[in-house]
Amino acid sequence: MTEPTPPSLLPTDGQPAPCRILVVEDSPLNQMLVTAILAQAGHRADTANNGLEAVMAAQAGGYDLILMDLSMPEMDGLTATRLLRDLPGPAGRVPVVAMTADTDEADRVRCQHAGMNDHVAKPVDRAQLLETVEKWLRASEWRASASPDMSSGFGLCASAAPAAAGEVLDREVLAQLAQDLDAELLTDVLRQFVEETRERVARIAGETDRAILMREAHTLKSTAGTFGASSLCSAARALEMACRASLAEREEAGKTDGAGKTEGNGSADTVERLRGEIPRLAGDAIAAYRAAGYPV
């Protein structure tokens with residue numbers, strides 16, 4: 001089976017005109033933030049909640065660029081991109097940029113092999129997002145004359161620097177959000193983040209299925225990082241990794257001895273410890289927002 005190939009595109013130096021962009025993201029918070037940034041830059045942004053909705057929207061045509069989350073219900077971003085690359089005509093050649101909190105080399109390779117053109121890191125950085133968007137909007141105007149070696153913009157992913165150990169809120173992230181969004185919108189998204197986080201933390205505390213826990217932790221990692229909840233983001237990242245390790249141990253145990261233990265004690269203990277810590281860390285973050293003057 002051949003791997004999908006991103007369309008050959010050549011970035012240029014011209015300033016792109018306002019364009020129509022599809023934002024594919026299952027988190028309403030991230031949808032709100034990304035579409036607000038794009039609107040401020042003069043672009044029209046539509047949203048899709050998962051990969052299946054994205055494919056259906058792209059089939060209708062009219063998009064100049066697609067921003068694609070990777071981990072989503074119904075259909076993930078990699079599967080959606082493979083299907084998009086099989087569409088006939090211009091719809092199958094639209095640039096697809098991954099939005100991902102997973103920034104290691106293996107993840108970049110998976111994105112390339114699915115047919116994606118580039119990626120931006122989560123938490124979303126306004127400058128990096130707009131720079132990448134503008135690069136590929138310019139590139140799409142020149143796809144007919146592009147050379148094959150310009151088909152992908154994947155390089156080292158510029159993820160945000162980690163906050164100091166034990167820091168509840170990352171003040172630099174909040175300061176950047178205050179620059180990117182007007183005060184009323186920032187208050188609205190922070191309130192929505194707090195409400196969504198309370199609901200997600202309750203699900204994490206009550207859930208035992210490792211696959212579901214891993215997805216919940218992945219989303220919490222992304223949104224907490226976006227809104228500067230540093231300690232909560234770190235714990236969610238650790239929970240996601242522990243759940244992934246637990247699932248791998250169970251899969252390996254099933255291959256070697258179906259009657260043996262299904263999960264290492266280390267992974268199980270870590271998962272349970274983090275499930276207990278995350279509600280406290282979420283409460284600490286909410287209290288810190290209030291102490292900083294945010295009416296959440």
# chains A, B, ... in the order shown; residues from 1 in each chain; ligands from 1
$ select_by_dssp --residues "segment 65-94 of chain A" --states "strand (DSSP E or B)" --output "ChimeraX atom specification"
/A:65-69
$ write_last_selection --atoms "N, CA and C atoms" --output "PDB file, in the first residue's frame"
ATOM      1  N   LEU A  65      -7.154  25.879   3.142  1.00  0.00           N
ATOM      2  CA  LEU A  65      -6.237  25.261   4.097  1.00  0.00           C
ATOM      3  C   LEU A  65      -7.067  24.530   5.147  1.00  0.00           C
ATOM      4  N   ILE A  66      -6.523  23.422   5.656  1.00  0.00           N
ATOM      5  CA  ILE A  66      -7.177  22.673   6.736  1.00  0.00           C
ATOM      6  C   ILE A  66      -6.196  22.557   7.892  1.00  0.00           C
ATOM      7  N   LEU A  67      -6.640  22.981   9.083  1.00  0.00           N
ATOM      8  CA  LEU A  67      -5.881  22.784  10.323  1.00  0.00           C
ATOM      9  C   LEU A  67      -6.474  21.580  11.031  1.00  0.00           C
ATOM     10  N   MET A  68      -5.681  20.545  11.254  1.00  0.00           N
ATOM     11  CA  MET A  68      -6.203  19.236  11.662  1.00  0.00           C
ATOM     12  C   MET A  68      -5.614  18.768  12.987  1.00  0.00           C
ATOM     13  N   ASP A  69      -6.487  18.637  14.001  1.00  0.00           N
ATOM     14  CA  ASP A  69      -6.086  17.984  15.242  1.00  0.00           C
ATOM     15  C   ASP A  69      -5.834  16.501  14.946  1.00  0.00           C
TER      16      ASP A  69
END
$ residues_around --residues "segment 236-243 of chain A" --least-positions-apart "6" --cutoff "6 Å" --atoms "only C-alpha atoms" --output "PyMOL selection string"
chain A and resi 210+214+217-218+221+267+271
$ write_last_selection --atoms "N, CA, C and O atoms" --output "mmCIF file, in the first residue's frame"
data_model
loop_
_atom_site.group_PDB
_atom_site.id
_atom_site.type_symbol
_atom_site.label_atom_id
_atom_site.label_comp_id
_atom_site.auth_asym_id
_atom_site.auth_seq_id
_atom_site.Cartn_x
_atom_site.Cartn_y
_atom_site.Cartn_z
ATOM 1 N N ARG A 210 -8.595 2.383 30.385
ATOM 2 C CA ARG A 210 -7.334 3.061 30.099
ATOM 3 C C ARG A 210 -7.374 3.834 28.770
ATOM 4 O O ARG A 210 -6.783 4.923 28.664
ATOM 5 N N MET A 214 -6.831 7.807 28.553
ATOM 6 C CA MET A 214 -5.744 8.369 27.762
ATOM 7 C C MET A 214 -6.250 9.500 26.873
ATOM 8 O O MET A 214 -5.603 10.551 26.747
ATOM 9 N N ALA A 217 -7.035 12.505 29.107
ATOM 10 C CA ALA A 217 -5.795 13.130 29.554
ATOM 11 C C ALA A 217 -5.139 13.906 28.419
ATOM 12 O O ALA A 217 -4.585 14.995 28.637
ATOM 13 N N HIS A 218 -5.188 13.374 27.207
ATOM 14 C CA HIS A 218 -4.608 14.058 26.052
ATOM 15 C C HIS A 218 -5.267 15.414 25.841
ATOM 16 O O HIS A 218 -4.582 16.431 25.641
ATOM 17 N N LYS A 221 -4.389 17.800 28.676
ATOM 18 C CA LYS A 221 -3.022 18.275 28.484
ATOM 19 C C LYS A 221 -3.000 19.459 27.527
ATOM 20 O O LYS A 221 -2.351 20.490 27.787
ATOM 21 N N SER A 267 2.795 0.951 36.305
ATOM 22 C CA SER A 267 1.868 1.741 35.489
ATOM 23 C C SER A 267 0.537 1.910 36.187
ATOM 24 O O SER A 267 -0.041 3.002 36.208
ATOM 25 N N VAL A 271 -1.122 5.493 37.271
ATOM 26 C CA VAL A 271 -2.437 5.924 36.787
ATOM 27 C C VAL A 271 -3.329 6.300 37.957
ATOM 28 O O VAL A 271 -3.970 7.360 37.966
#
$ residues_around --residues "segment 84-95 of chain A" --least-positions-apart "3" --cutoff "7 Å" --atoms "only C-alpha atoms" --output "list of chain:residue names"
A:Pro4, A:Pro7, A:Val55, A:Ala58, A:Gln59, A:Gly61, A:Asp64, A:Leu65, A:Ile66, A:Ala80, A:Thr81, A:Gly115, A:Asn117, A:Trp136
$ closest_residue --among "A:Ala287, A:Ala36, A:Ala45, A:Val189" --to "Val23 of chain A" --atoms "only C-alpha atoms"
A:Ala45
$ residues_around --residues "Leu29 of chain A" --least-positions-apart "4" --cutoff "9 Å" --atoms "only C-alpha atoms" --output "list in words"
Leu33, Val34, Val189, Leu190, Gln192, Phe193, Glu196 and Thr223 of chain A
$ atom_distance --atom1 "atom CA of Arg275 of chain A" --atom2 "atom CA of Phe227 of chain A"
20.7 Å
$ atom_distance --atom1 "atom CA of Ile21 of chain A" --atom2 "atom CA of Ala183 of chain A"
24.9 Å
